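> Got upload37.txt for you, compact mmCIF, C-alpha atoms:
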# COMPACT_ATOMS: atom_id res chain seq x y z
CA MET A 888 -55.15 21.91 -67.79
CA SER A 889 -56.08 23.45 -71.10
CA ALA A 890 -55.61 21.41 -74.25
CA LYS A 891 -53.18 24.03 -75.53
CA LYS A 892 -51.01 23.82 -72.47
CA LYS A 893 -51.03 20.05 -72.70
CA GLN A 894 -49.77 20.20 -76.28
CA ALA A 895 -46.98 22.56 -75.27
CA GLU A 896 -45.95 20.27 -72.45
CA LEU A 897 -46.00 17.26 -74.73
CA ILE A 898 -43.63 18.93 -77.19
CA GLU A 899 -41.28 19.82 -74.33
CA GLU A 900 -41.41 16.25 -73.11
CA ILE A 901 -40.72 14.60 -76.48
CA SER A 902 -37.93 17.03 -77.33
CA GLY A 903 -36.43 17.36 -73.87
CA VAL A 904 -36.07 21.08 -74.64
CA ASN A 905 -36.67 23.89 -72.16
CA PRO A 906 -37.74 26.83 -74.37
CA LEU A 907 -37.28 29.32 -71.53
CA LYS A 908 -33.52 28.92 -71.78
CA CYS A 909 -33.47 30.72 -75.15
CA MET A 910 -32.03 34.25 -75.13
CA LYS A 911 -32.99 35.03 -78.74
CA CYS A 912 -29.50 35.53 -80.10
CA GLY A 913 -30.55 34.12 -83.49
CA LYS A 914 -27.47 31.95 -84.04
CA CYS A 915 -29.68 28.97 -84.88
CA SER A 916 -31.44 30.79 -87.70
CA ALA A 917 -28.16 32.27 -88.91
CA SER A 918 -26.67 28.75 -89.06
CA CYS A 919 -29.65 27.02 -90.66
CA PRO A 920 -29.08 25.88 -94.28
CA SER A 921 -32.88 25.66 -94.74
CA TYR A 922 -33.64 29.12 -93.35
CA ASN A 923 -34.92 30.54 -96.64
CA GLU A 924 -37.35 27.66 -97.08
CA MET A 925 -38.91 27.94 -93.63
CA ASP A 926 -42.07 29.85 -92.76
CA ILE A 927 -41.40 29.67 -89.01
CA LYS A 928 -37.66 30.20 -88.45
CA PRO A 929 -35.58 28.15 -85.99
CA HIS A 930 -35.23 30.96 -83.41
CA GLN A 931 -39.02 31.47 -83.46
CA PHE A 932 -39.88 27.89 -82.56
CA VAL A 933 -39.39 28.40 -78.84
CA SER A 934 -41.85 31.33 -78.79
CA TYR A 935 -44.65 29.18 -80.20
CA VAL A 936 -44.12 26.65 -77.41
CA ILE A 937 -43.94 29.34 -74.72
CA ASN A 938 -47.14 30.92 -76.12
CA GLU A 939 -48.78 27.49 -76.21
CA ASP A 940 -49.50 27.78 -79.92
CA VAL A 941 -48.41 24.29 -80.90
CA GLU A 942 -51.10 24.17 -83.57
CA SER A 943 -49.28 26.73 -85.73
CA LEU A 944 -46.07 24.84 -85.20
CA VAL A 945 -47.38 21.45 -86.31
CA ASN A 946 -48.92 23.05 -89.41
CA SER A 947 -45.68 24.78 -90.33
CA ALA A 948 -43.89 23.91 -93.58
CA SER A 949 -40.63 24.16 -91.61
CA LEU A 950 -41.16 20.65 -90.24
CA TRP A 951 -40.48 19.23 -93.68
CA LYS A 952 -37.56 21.54 -94.49
CA CYS A 953 -35.38 20.81 -91.45
CA LEU A 954 -32.44 18.53 -92.29
CA SER A 955 -31.61 17.53 -88.70
CA CYS A 956 -28.06 18.62 -89.57
CA PHE A 957 -27.61 19.90 -86.02
CA ALA A 958 -25.85 23.13 -86.98
CA CYS A 959 -28.36 24.98 -84.73
CA VAL A 960 -27.77 22.58 -81.84
CA GLU A 961 -23.99 22.76 -82.13
CA ARG A 962 -23.92 26.56 -82.17
CA CYS A 963 -26.56 27.36 -79.53
CA PRO A 964 -24.81 29.13 -76.64
CA ARG A 965 -27.66 28.14 -74.28
CA ASP A 966 -27.94 24.49 -75.30
CA VAL A 967 -31.61 24.89 -76.29
CA LYS A 968 -31.49 22.43 -79.22
CA PRO A 969 -33.97 23.96 -81.71
CA GLY A 970 -33.52 20.96 -84.04
CA LYS A 971 -34.94 18.66 -81.39
CA LEU A 972 -37.94 20.93 -80.93
CA ILE A 973 -38.67 20.84 -84.66
CA ASP A 974 -38.37 17.05 -84.67
CA ALA A 975 -40.77 16.76 -81.72
CA ALA A 976 -43.34 18.83 -83.64
CA ARG A 977 -42.79 16.56 -86.66
CA GLN A 978 -43.28 13.49 -84.47
CA MET A 979 -46.54 14.91 -83.12
CA VAL A 980 -47.81 14.97 -86.70
CA VAL A 981 -46.53 11.66 -88.05
CA ARG A 982 -47.46 9.66 -84.94
CA GLN A 983 -51.13 10.35 -85.63
CA LYS A 984 -53.11 7.99 -87.78
CA GLU A 985 -53.01 8.84 -91.50
CA GLN A 986 -50.84 11.88 -90.81
CA THR A 987 -47.69 11.31 -92.76
CA TYR A 988 -45.45 13.22 -95.11
CA LEU A 989 -44.44 10.17 -97.12
CA SER A 990 -46.67 7.45 -98.46
CA PRO A 991 -45.34 4.15 -99.83
CA ASP A 992 -47.41 4.80 -102.97
CA GLU A 993 -45.25 7.82 -103.78
CA ILE A 994 -42.00 5.88 -103.62
CA PRO A 995 -41.81 4.36 -107.14
CA GLU A 996 -41.86 7.74 -108.88
CA LEU A 997 -39.26 9.15 -106.47
CA LEU A 998 -36.73 6.40 -107.17
CA ASP A 999 -33.80 6.50 -109.54
CA PRO A 1000 -31.09 3.88 -110.17
CA GLU A 1001 -28.45 5.60 -108.02
CA LEU A 1002 -30.67 6.30 -105.02
CA PRO A 1003 -29.09 4.76 -101.89
CA GLN A 1004 -31.15 2.63 -99.47
CA GLN A 1005 -29.96 4.96 -96.73
CA LEU A 1006 -32.10 7.75 -98.20
CA LEU A 1007 -35.27 5.68 -98.08
CA VAL A 1008 -34.82 4.44 -94.50
CA SER A 1009 -33.90 7.95 -93.32
CA ALA A 1010 -36.92 9.56 -94.97
CA PHE A 1011 -39.26 6.89 -93.66
CA ARG A 1012 -37.99 7.43 -90.15
CA ARG A 1013 -38.42 11.19 -90.27
CA TYR A 1014 -41.62 11.39 -92.30
CA ARG A 1015 -43.85 8.61 -91.01
CA ARG A 1016 -44.45 6.00 -88.34
CA MET B 1049 -6.00 -6.27 -84.09
CA LYS B 1050 -9.57 -7.44 -84.62
CA TYR B 1051 -12.63 -5.18 -84.59
CA SER B 1052 -16.34 -5.87 -84.78
CA TYR B 1053 -17.57 -4.40 -88.04
CA TYR B 1054 -20.98 -2.92 -88.80
CA PRO B 1055 -21.28 -2.23 -92.56
CA GLY B 1056 -24.93 -1.05 -92.68
CA CYS B 1057 -27.60 -1.37 -95.37
CA THR B 1058 -26.15 0.78 -98.12
CA LEU B 1059 -22.63 -0.63 -97.98
CA ARG B 1060 -24.09 -3.97 -98.97
CA THR B 1061 -25.86 -2.53 -101.99
CA LYS B 1062 -25.39 0.89 -103.63
CA ALA B 1063 -22.19 1.73 -101.77
CA LYS B 1064 -20.37 -1.55 -102.23
CA ASP B 1065 -17.19 0.34 -103.17
CA LEU B 1066 -17.10 2.07 -99.80
CA ASP B 1067 -17.23 -1.33 -98.10
CA ASP B 1068 -14.91 -3.32 -100.42
CA TYR B 1069 -12.14 -0.73 -100.33
CA ALA B 1070 -12.42 -0.41 -96.55
CA ARG B 1071 -11.99 -4.16 -96.08
CA ALA B 1072 -9.08 -4.35 -98.55
CA SER B 1073 -7.36 -1.37 -96.90
CA ALA B 1074 -7.83 -2.81 -93.41
CA LYS B 1075 -6.16 -6.00 -94.54
CA ALA B 1076 -3.24 -4.07 -96.03
CA LEU B 1077 -2.87 -2.08 -92.82
CA GLY B 1078 -2.90 -5.18 -90.65
CA PHE B 1079 -6.22 -5.05 -88.85
CA GLU B 1080 -9.24 -7.26 -89.25
CA LEU B 1081 -12.88 -6.27 -89.62
CA GLU B 1082 -15.07 -9.06 -88.33
CA GLU B 1083 -18.62 -8.48 -89.50
CA ILE B 1084 -21.28 -8.70 -86.79
CA GLU B 1085 -23.63 -11.61 -87.42
CA ASP B 1086 -27.22 -10.79 -88.34
CA TRP B 1087 -26.81 -7.04 -87.93
CA GLN B 1088 -29.86 -4.91 -88.61
CA CYS B 1089 -30.17 -1.49 -90.29
CA CYS B 1090 -29.48 1.46 -87.96
CA GLY B 1091 -32.38 3.40 -89.52
CA GLY B 1092 -30.19 5.99 -91.24
CA VAL B 1093 -31.07 8.85 -88.90
CA TYR B 1094 -30.89 9.05 -85.11
CA PRO B 1095 -34.38 9.07 -83.53
CA LEU B 1096 -34.39 12.43 -81.72
CA GLY B 1097 -37.43 12.01 -79.47
CA THR B 1098 -36.57 11.33 -75.84
CA ASP B 1099 -39.31 8.64 -75.79
CA GLU B 1100 -37.92 6.67 -78.78
CA ILE B 1101 -36.80 3.21 -77.68
CA ALA B 1102 -37.75 0.56 -80.25
CA THR B 1103 -36.08 2.52 -83.07
CA LYS B 1104 -32.77 2.31 -81.20
CA LEU B 1105 -32.72 -1.42 -80.55
CA SER B 1106 -31.01 -2.46 -83.79
CA CYS B 1107 -28.00 -0.42 -82.69
CA VAL B 1108 -28.15 -1.77 -79.14
CA ARG B 1109 -28.04 -5.32 -80.55
CA ALA B 1110 -24.94 -4.54 -82.62
CA LEU B 1111 -23.27 -2.73 -79.73
CA ASN B 1112 -23.98 -5.63 -77.41
CA ALA B 1113 -22.68 -8.17 -79.94
CA ALA B 1114 -19.37 -6.28 -79.99
CA LYS B 1115 -19.34 -6.14 -76.19
CA GLU B 1116 -19.79 -9.90 -75.97
CA LYS B 1117 -16.76 -10.36 -78.22
CA GLU B 1118 -14.82 -7.78 -76.21
CA GLN B 1119 -14.15 -5.85 -79.40
CA GLU B 1120 -14.45 -2.22 -80.37
CA LEU B 1121 -17.11 -1.53 -83.01
CA VAL B 1122 -16.06 -0.02 -86.36
CA THR B 1123 -18.35 1.67 -88.90
CA VAL B 1124 -17.45 3.23 -92.23
CA CYS B 1125 -20.70 4.92 -93.25
CA SER B 1126 -21.14 8.39 -91.71
CA ALA B 1127 -24.80 7.72 -90.92
CA CYS B 1128 -24.22 4.38 -89.18
CA HIS B 1129 -21.38 5.95 -87.22
CA HIS B 1130 -23.63 8.83 -86.20
CA VAL B 1131 -26.61 6.73 -85.11
CA MET B 1132 -24.46 4.10 -83.40
CA LYS B 1133 -22.49 6.64 -81.36
CA ARG B 1134 -25.58 8.57 -80.28
CA VAL B 1135 -27.48 5.44 -79.24
CA ASN B 1136 -24.42 4.28 -77.35
CA ASP B 1137 -24.28 7.64 -75.59
CA ASP B 1138 -27.95 7.20 -74.58
CA MET B 1139 -27.23 3.73 -73.20
CA LYS B 1140 -24.31 5.07 -71.24
CA ASN B 1141 -25.72 8.34 -69.94
CA VAL B 1142 -29.53 8.36 -70.12
CA GLU B 1143 -30.84 6.09 -67.40
CA ASP B 1144 -34.44 5.99 -68.61
CA ILE B 1145 -33.51 4.95 -72.16
CA CYS B 1146 -30.98 2.41 -70.90
CA THR B 1147 -33.49 0.78 -68.56
CA ARG B 1148 -36.29 0.64 -71.10
CA ALA B 1149 -34.06 -0.64 -73.92
CA ASN B 1150 -32.71 -3.36 -71.66
CA ASN B 1151 -36.25 -4.34 -70.68
CA TYR B 1152 -36.90 -5.06 -74.36
CA MET B 1153 -33.62 -6.83 -74.92
CA GLU B 1154 -33.68 -9.26 -71.97
CA LEU B 1155 -29.94 -9.88 -72.17
CA ASP B 1156 -28.07 -12.07 -69.71
CA GLU B 1157 -26.23 -8.97 -68.61
CA PRO B 1158 -27.70 -5.49 -69.30
CA TYR B 1159 -25.96 -3.37 -71.93
CA LYS B 1160 -24.87 -0.02 -70.52
CA GLY B 1161 -22.83 1.57 -73.29
CA GLU B 1162 -19.61 -0.38 -72.68
CA THR B 1163 -18.62 -0.74 -76.34
CA ASN B 1164 -16.29 1.81 -77.88
CA VAL B 1165 -17.55 2.96 -81.31
CA LEU B 1166 -15.00 4.04 -83.90
CA HIS B 1167 -15.33 5.41 -87.38
CA PHE B 1168 -12.84 3.90 -89.84
CA LEU B 1169 -11.12 7.30 -90.03
CA GLU B 1170 -10.70 7.25 -86.25
CA VAL B 1171 -9.07 3.83 -86.53
CA LEU B 1172 -6.62 5.33 -89.03
CA ARG B 1173 -5.90 8.29 -86.75
CA ASP B 1174 -6.00 6.74 -83.27
CA LYS B 1175 -5.09 3.09 -83.77
CA VAL B 1176 -2.96 2.83 -86.92
CA GLY B 1177 -1.69 6.40 -86.76
CA PHE B 1178 -1.33 8.68 -89.79
CA ASP B 1179 2.48 8.44 -89.60
CA GLU B 1180 2.28 4.65 -89.83
CA LEU B 1181 -0.25 4.89 -92.64
CA LYS B 1182 2.14 7.14 -94.52
CA LYS B 1183 4.84 4.47 -94.32
CA LYS B 1184 2.53 1.89 -95.89
CA VAL B 1185 1.58 4.04 -98.88
CA VAL B 1186 2.96 2.57 -102.11
CA ASN B 1187 1.18 4.85 -104.58
CA PRO B 1188 1.26 8.34 -103.07
CA LEU B 1189 -1.35 10.61 -104.66
CA THR B 1190 1.26 13.30 -105.23
CA GLY B 1191 -0.04 16.52 -106.74
CA LYS B 1192 -3.73 15.69 -106.22
CA LYS B 1193 -5.67 18.53 -104.63
CA ILE B 1194 -8.41 16.93 -102.56
CA GLY B 1195 -11.26 18.60 -100.70
CA ALA B 1196 -12.59 16.73 -97.66
CA TYR B 1197 -16.36 16.81 -97.45
CA TYR B 1198 -17.40 16.16 -93.86
CA GLY B 1199 -21.08 17.12 -94.03
CA CYS B 1200 -23.04 16.98 -90.81
CA LEU B 1201 -23.26 13.36 -89.67
CA LEU B 1202 -19.58 12.82 -88.85
CA LEU B 1203 -19.22 15.91 -86.72
CA ARG B 1204 -22.36 17.02 -84.91
CA PRO B 1205 -23.24 17.09 -82.09
CA GLY B 1206 -19.55 17.40 -81.29
CA LYS B 1207 -19.90 16.51 -77.61
CA VAL B 1208 -21.50 13.15 -78.36
CA LEU B 1209 -19.66 12.13 -81.53
CA ASN B 1210 -16.31 13.27 -80.16
CA PHE B 1211 -14.90 12.77 -83.66
CA ASP B 1212 -13.09 16.04 -84.27
CA ASN B 1213 -13.56 19.79 -83.77
CA PRO B 1214 -17.04 20.24 -85.33
CA GLU B 1215 -16.30 23.73 -86.65
CA ASN B 1216 -12.72 23.27 -87.76
CA PRO B 1217 -12.05 19.55 -88.25
CA LYS B 1218 -8.74 18.22 -89.56
CA ILE B 1219 -8.93 14.43 -89.49
CA MET B 1220 -9.73 14.09 -93.20
CA GLU B 1221 -7.12 16.68 -94.15
CA ASP B 1222 -4.51 14.75 -92.13
CA PHE B 1223 -5.65 11.60 -93.91
CA ILE B 1224 -5.24 13.29 -97.30
CA ARG B 1225 -1.71 14.37 -96.34
CA ALA B 1226 -0.85 10.86 -95.14
CA ILE B 1227 -1.61 9.39 -98.56
CA GLY B 1228 0.58 11.98 -100.24
CA ALA B 1229 -2.04 14.38 -101.60
CA GLU B 1230 -2.69 18.02 -100.80
CA PRO B 1231 -5.81 18.93 -98.77
CA VAL B 1232 -7.95 21.86 -99.89
CA ILE B 1233 -9.73 23.73 -97.08
CA TYR B 1234 -12.98 25.31 -98.27
CA PRO B 1235 -15.78 26.98 -96.29
CA TYR B 1236 -18.63 24.57 -97.05
CA ARG B 1237 -16.86 21.37 -96.00
CA ASN B 1238 -19.04 20.92 -92.89
CA GLU B 1239 -22.34 22.19 -94.35
CA CYS B 1240 -25.14 19.67 -94.76
CA CYS B 1241 -25.74 18.26 -98.28
CA GLY B 1242 -29.49 18.17 -97.65
CA GLY B 1243 -29.55 14.58 -96.41
CA TYR B 1244 -32.94 12.88 -96.58
CA ILE B 1245 -34.57 16.02 -97.94
CA SER B 1246 -33.44 14.97 -101.42
CA LEU B 1247 -36.18 12.35 -101.61
CA LYS B 1248 -39.01 14.88 -101.76
CA GLU B 1249 -37.43 18.34 -101.98
CA LYS B 1250 -35.01 17.60 -104.77
CA GLU B 1251 -34.42 21.22 -105.70
CA MET B 1252 -33.52 22.19 -102.14
CA ALA B 1253 -30.86 19.50 -101.89
CA GLU B 1254 -29.52 20.43 -105.31
CA ASN B 1255 -29.12 24.08 -104.31
CA MET B 1256 -27.24 23.08 -101.18
CA CYS B 1257 -24.92 20.77 -103.08
CA ASP B 1258 -24.31 23.43 -105.74
CA LYS B 1259 -22.95 25.69 -102.99
CA ILE B 1260 -20.71 22.93 -101.66
CA THR B 1261 -19.24 21.89 -105.01
CA GLU B 1262 -18.82 25.51 -106.16
CA SER B 1263 -17.05 26.33 -102.91
CA ALA B 1264 -14.67 23.36 -103.25
CA GLU B 1265 -13.99 24.05 -106.93
CA GLY B 1266 -13.47 27.74 -106.21
CA PHE B 1267 -10.79 26.92 -103.67
CA GLY B 1268 -8.98 24.75 -106.20
CA ALA B 1269 -9.98 21.19 -105.30
CA ASP B 1270 -9.92 18.71 -108.16
CA MET B 1271 -11.65 15.94 -106.21
CA LEU B 1272 -13.96 15.61 -103.23
CA ILE B 1273 -13.93 12.73 -100.75
CA THR B 1274 -16.78 11.59 -98.53
CA ALA B 1275 -17.61 8.76 -96.10
CA CYS B 1276 -21.36 8.93 -96.70
CA PRO B 1277 -23.36 7.26 -99.50
CA LEU B 1278 -26.12 9.84 -99.18
CA CYS B 1279 -23.69 12.77 -99.42
CA MET B 1280 -22.21 11.06 -102.48
CA TYR B 1281 -25.64 10.70 -104.08
CA ASN B 1282 -26.69 14.26 -103.32
CA LEU B 1283 -23.40 15.81 -104.45
CA ASN B 1284 -23.56 13.85 -107.71
CA LYS B 1285 -26.99 15.36 -108.37
CA SER B 1286 -25.56 18.86 -108.19
CA SER B 1287 -26.11 20.23 -111.66
CA ARG B 1288 -23.13 22.58 -111.65
CA ARG B 1289 -20.71 20.01 -110.32
CA GLU B 1290 -17.61 19.33 -112.36
CA ILE B 1291 -15.25 17.70 -109.88
CA PRO B 1292 -15.56 13.98 -109.13
CA VAL B 1293 -16.75 12.77 -105.72
CA VAL B 1294 -15.22 9.54 -104.41
CA TYR B 1295 -15.29 7.53 -101.22
CA PHE B 1296 -12.28 8.09 -98.94
CA THR B 1297 -11.74 4.32 -98.84
CA GLU B 1298 -11.26 4.26 -102.61
CA ILE B 1299 -8.30 6.65 -102.57
CA LEU B 1300 -6.97 4.88 -99.48
CA ALA B 1301 -7.01 1.54 -101.32
CA GLU B 1302 -5.40 3.22 -104.31
CA ALA B 1303 -2.60 4.66 -102.18
CA LEU B 1304 -2.04 1.31 -100.47
CA GLY B 1305 -1.88 -0.45 -103.83
CA VAL B 1306 -4.85 -2.72 -103.19
CA LYS B 1307 -7.46 -1.03 -105.38
CA GLU B 1308 -7.02 -3.31 -108.37
CA VAL B 1309 -7.40 -6.43 -106.26
CA GLN B 1310 -10.95 -5.35 -105.51
CA ALA B 1311 -12.02 -3.82 -108.81
Will you turn the file into structure tokens for me?


Amino acid sequence: MSAKKKQAELIEEISGVNPLKCMKCGKCSASCPSYNEMDIKPHQFVSYVINEDVESLVNSASLWKCLSCFACVERCPRDVKPGKLIDAARQMVVRQKEQTYLSPDEIPELLDPELPQQLLVSAFRRYRR
Amino acid sequence: MKYSYYPGCTLRTKAKDLDDYARASAKALGFELEEIEDWQCCGGVYPLGTDEIATKLSCVRALNAAKEKEQELVTVCSACHHVMKRVNDDMKNVEDICTRANNYMELDEPYKGETNVLHFLEVLRDKVGFDELKKKVVNPLTGKKIGAYYGCLLLRPGKVLNFDNPENPKIMEDFIRAIGAEPVIYPYRNECCGGYISLKEKEMAENMCDKITESAEGFGADMLITACPLCMYNLNKSSRREIPVVYFTEILAEALGVKEVQA
């Protein structure tokens, strides 16, 4: 099996998503509050997996713009769950050594007196291992 | 009636109001919140990967503690409620996760999602009843126009959280009516506030919250209520915001006449 195919299968496995179910209606992108900030849009994610181009996906800025708000998942008429696909791509990055979007060294300058603990634990869980 | 209670990390610290007013209100309404011993943080966000097990165990421990006491489990924080319900759904319906989590836990009897998880608002609706709540109100918030801010964590995914209609919810509006105020329906009430994005992409979260507060103000709300400390934080950072944002438990305690006892 090619390395590319392996990557595509891994993302399907982590996410539990079958990209072939997508019928490209675009509801996910239309619902996404982060749409304008994303380079690869939610409805395009499935195509990258089908085309076995996981490399572009894991290098996409979209991974760090998704809020996991589940608007795309709720509104998908085919139950594809684009938000879970994006998270799987994010996991493929942060599970690797030294690959993280948040370093403990950055934390002090990001803090302010009102910042809730919930924000820190949530960000740590999404951005690093 | 006695429930197992899971406050969560932020209700012990930055969101003490949310917790204090919930406990005082529960007492006034005649039910007891018995805090689970040695509970651990839920992690704030639900781990989405199908292979995530260890990150779900703190919830499994809390859920099992409630099961052992034969109590339903109550949360107040939107995030805890979200993570707890989704992990419970995994334990109930996803065999692989259930088996692997139980292998870690080594309980006398495996946990298989038996505990019923309730948000405090669900207790008000389904256990106390909004009609009963109305009878116990001593300081009705007459004339107050209140916008309910649901955000994402309480509602979605609708099939798992089973909290209310995810696109057109009414539980918080019914709550607002029960305490004598007038609910304001506005389009952005179930849009995400930005959540954890506000740690690193501060401007993005601010833009999102600007839309929410503008929408609520535009529809005539003079106050927003939330159940989530992170929504509260993000909404308060909205630069154009004028209306105050308060926890739903605070106005509940006020209506029940127990706010001062806590303050």

> If we draw a sphere of 9 Å around (-32.8, 33.7, -82.1), which residues have at least one atom in it when counting only C-alpha atoms? Please report them as a PyMOL selection string.

chain A and resi 909-917+928-931

> Keeping only C-alpha atoms, take the residues you just selected and write them out as a PDB file, in the coordinates of the input.


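Wrote it out as part-v5.pdb, contents follow:
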ATOM      1  CA  CYS A 909     -33.470  30.720 -75.150  1.00  0.00           C
ATOM      2  CA  MET A 910     -32.030  34.250 -75.130  1.00  0.00           C
ATOM      3  CA  LYS A 911     -32.990  35.030 -78.740  1.00  0.00           C
ATOM      4  CA  CYS A 912     -29.500  35.530 -80.100  1.00  0.00           C
ATOM      5  CA  GLY A 913     -30.550  34.120 -83.490  1.00  0.00           C
ATOM      6  CA  LYS A 914     -27.470  31.950 -84.040  1.00  0.00           C
ATOM      7  CA  CYS A 915     -29.680  28.970 -84.880  1.00  0.00           C
ATOM      8  CA  SER A 916     -31.440  30.790 -87.700  1.00  0.00           C
ATOM      9  CA  ALA A 917     -28.160  32.270 -88.910  1.00  0.00           C
ATOM     10  CA  LYS A 928     -37.660  30.200 -88.450  1.00  0.00           C
ATOM     11  CA  PRO A 929     -35.580  28.150 -85.990  1.00  0.00           C
ATOM     12  CA  HIS A 930     -35.230  30.960 -83.410  1.00  0.00           C
ATOM     13  CA  GLN A 931     -39.020  31.470 -83.460  1.00  0.00           C
TER      14      GLN A 931
END

> Name all residues at most 9 Å from Phe1211 in chain B (count only C-alpha atoms; drop same-chain ones fewer than 3 positions away) and give them as a PDB file with C-alpha atoms, in the frame of the given file.


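Saved as around.pdb:
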ATOM      1  CA  LEU B1166     -15.000   4.040 -83.900  1.00  0.00           C
ATOM      2  CA  HIS B1167     -15.330   5.410 -87.380  1.00  0.00           C
ATOM      3  CA  GLU B1170     -10.700   7.250 -86.250  1.00  0.00           C
ATOM      4  CA  LEU B1202     -19.580  12.820 -88.850  1.00  0.00           C
ATOM      5  CA  LEU B1203     -19.220  15.910 -86.720  1.00  0.00           C
ATOM      6  CA  ARG B1204     -22.360  17.020 -84.910  1.00  0.00           C
ATOM      7  CA  GLY B1206     -19.550  17.400 -81.290  1.00  0.00           C
ATOM      8  CA  LYS B1207     -19.900  16.510 -77.610  1.00  0.00           C
ATOM      9  CA  VAL B1208     -21.500  13.150 -78.360  1.00  0.00           C
ATOM     10  CA  PRO B1214     -17.040  20.240 -85.330  1.00  0.00           C
ATOM     11  CA  PRO B1217     -12.050  19.550 -88.250  1.00  0.00           C
ATOM     12  CA  ILE B1219      -8.930  14.430 -89.490  1.00  0.00           C
TER      13      ILE B1219
END

> So which residues touch Thr1123 in chain B within 7 Å, counting only C-alpha atoms, skipping near sequence neighbours fewer than 4 positions away, as a list of chain:residue names?

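Final neighbour list, sorted by chain and number: B:Tyr1053, B:Tyr1054, B:Pro1055, B:Cys1128, B:His1129, B:Leu1166, B:His1167, B:Phe1168.
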
> What are the closest atom pairs, with distances in Å to one decimal, for all residues of chain B lying within 6 Å of chain A? Consider all atoms listed in the file, order rows by chain and residue number, and present the result as CSV.


residue,atom,partner,partner_atom,distance
B:Thr1058,CA,A:Gln1004,CA,5.5
B:Lys1062,CA,A:Pro1003,CA,5.6
B:Gly1091,CA,A:Val1008,CA,5.6
B:Gly1092,CA,A:Ser1009,CA,4.7
B:Val1093,CA,A:Ser1009,CA,5.3
B:Gly1097,CA,A:Ile901,CA,5.1
B:Thr1098,CA,A:Ile901,CA,5.3
B:Cys1200,CA,A:Cys956,CA,5.4
B:Pro1205,CA,A:Glu961,CA,5.7
B:Tyr1244,CA,A:Ala1010,CA,5.4

> Keeping only C-alpha atoms, take the residues you just selected and write them out as a PDB file, in the coordinates of the input.


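Resulting contents of out13.pdb:
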ATOM      1  CA  THR B1058     -26.150   0.780 -98.120  1.00  0.00           C
ATOM      2  CA  LYS B1062     -25.390   0.890-103.630  1.00  0.00           C
ATOM      3  CA  GLY B1091     -32.380   3.400 -89.520  1.00  0.00           C
ATOM      4  CA  GLY B1092     -30.190   5.990 -91.240  1.00  0.00           C
ATOM      5  CA  VAL B1093     -31.070   8.850 -88.900  1.00  0.00           C
ATOM      6  CA  GLY B1097     -37.430  12.010 -79.470  1.00  0.00           C
ATOM      7  CA  THR B1098     -36.570  11.330 -75.840  1.00  0.00           C
ATOM      8  CA  CYS B1200     -23.040  16.980 -90.810  1.00  0.00           C
ATOM      9  CA  PRO B1205     -23.240  17.090 -82.090  1.00  0.00           C
ATOM     10  CA  TYR B1244     -32.940  12.880 -96.580  1.00  0.00           C
TER      11      TYR B1244
END

> Hey, can I get the axis-aligned box for range 896-903 of chain A? All listed atoms, 3 Å padding on each side, centre and edge lengths in Å to one decimal, as AutoDock Vina command-line options.


--center_x -41.2 --center_y 17.4 --center_z -74.9 --size_x 15.6 --size_y 11.7 --size_z 10.9

> Just to confirm, what's the straight-line distance from CA of Leu1278 in chain B to CA of Ala1264 in chain B in Å (one decimal)?

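Between these atoms lies a distance of 18.2 Å.
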
> Suppose you want the space between CA of Asp940 in chain A and CA of Ile1245 in chain B; what is it in Å?

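The value is 26.2 Å.
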
> Hey, what's within 6 Å of Met1139 in chain B if we count all atoms listed in the file and toss same-chain stuff fewer than 6 positions away? As a list in words, please?

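The neighbour list is Cys1146, Lys1160 and Gly1161 of chain B.
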
> CA of Met1252 in chain B and CA of Ser947 in chain A are how many Å apart?

17.1 Å

> Using all atoms listed in the file, which protein or nucleic acid residues come within 8 Å of Val945 in chain A? Drop anything in the same chain fewer than 2 positions from it, and give the result as number ranges by chain.

A: 941-943, 947, 950, 976-977, 979-980

> Counting all atoms listed in the file, what is within 7 Å of Tyr1198 in chain B, bar same-chain residues fewer than 6 positions away, as an MDAnalysis selection string?

chainID B and resid 1237:1238 1274

> With C-alpha atoms retained, could you export that selection as a short mmCIF file (atom, residue, chain, number, x, y, z; two decimals), keeping the file's coordinate frame?


data_model
loop_
_atom_site.label_atom_id
_atom_site.label_comp_id
_atom_site.auth_asym_id
_atom_site.auth_seq_id
_atom_site.Cartn_x
_atom_site.Cartn_y
_atom_site.Cartn_z
CA ARG B 1237 -16.86 21.37 -96.00
CA ASN B 1238 -19.04 20.92 -92.89
CA THR B 1274 -16.78 11.59 -98.53
#

> Using all atoms listed in the file, find the one residue out of B:Ala1074, B:Asn1150, B:Asn1141, B:His1130 that sits nearest to Leu1105 in chain B.

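Checking each of B:Ala1074, B:Asn1150, B:Asn1141, B:His1130 against Leu1105 in chain B, counting all atoms listed in the file, the winner is B:Asn1150.
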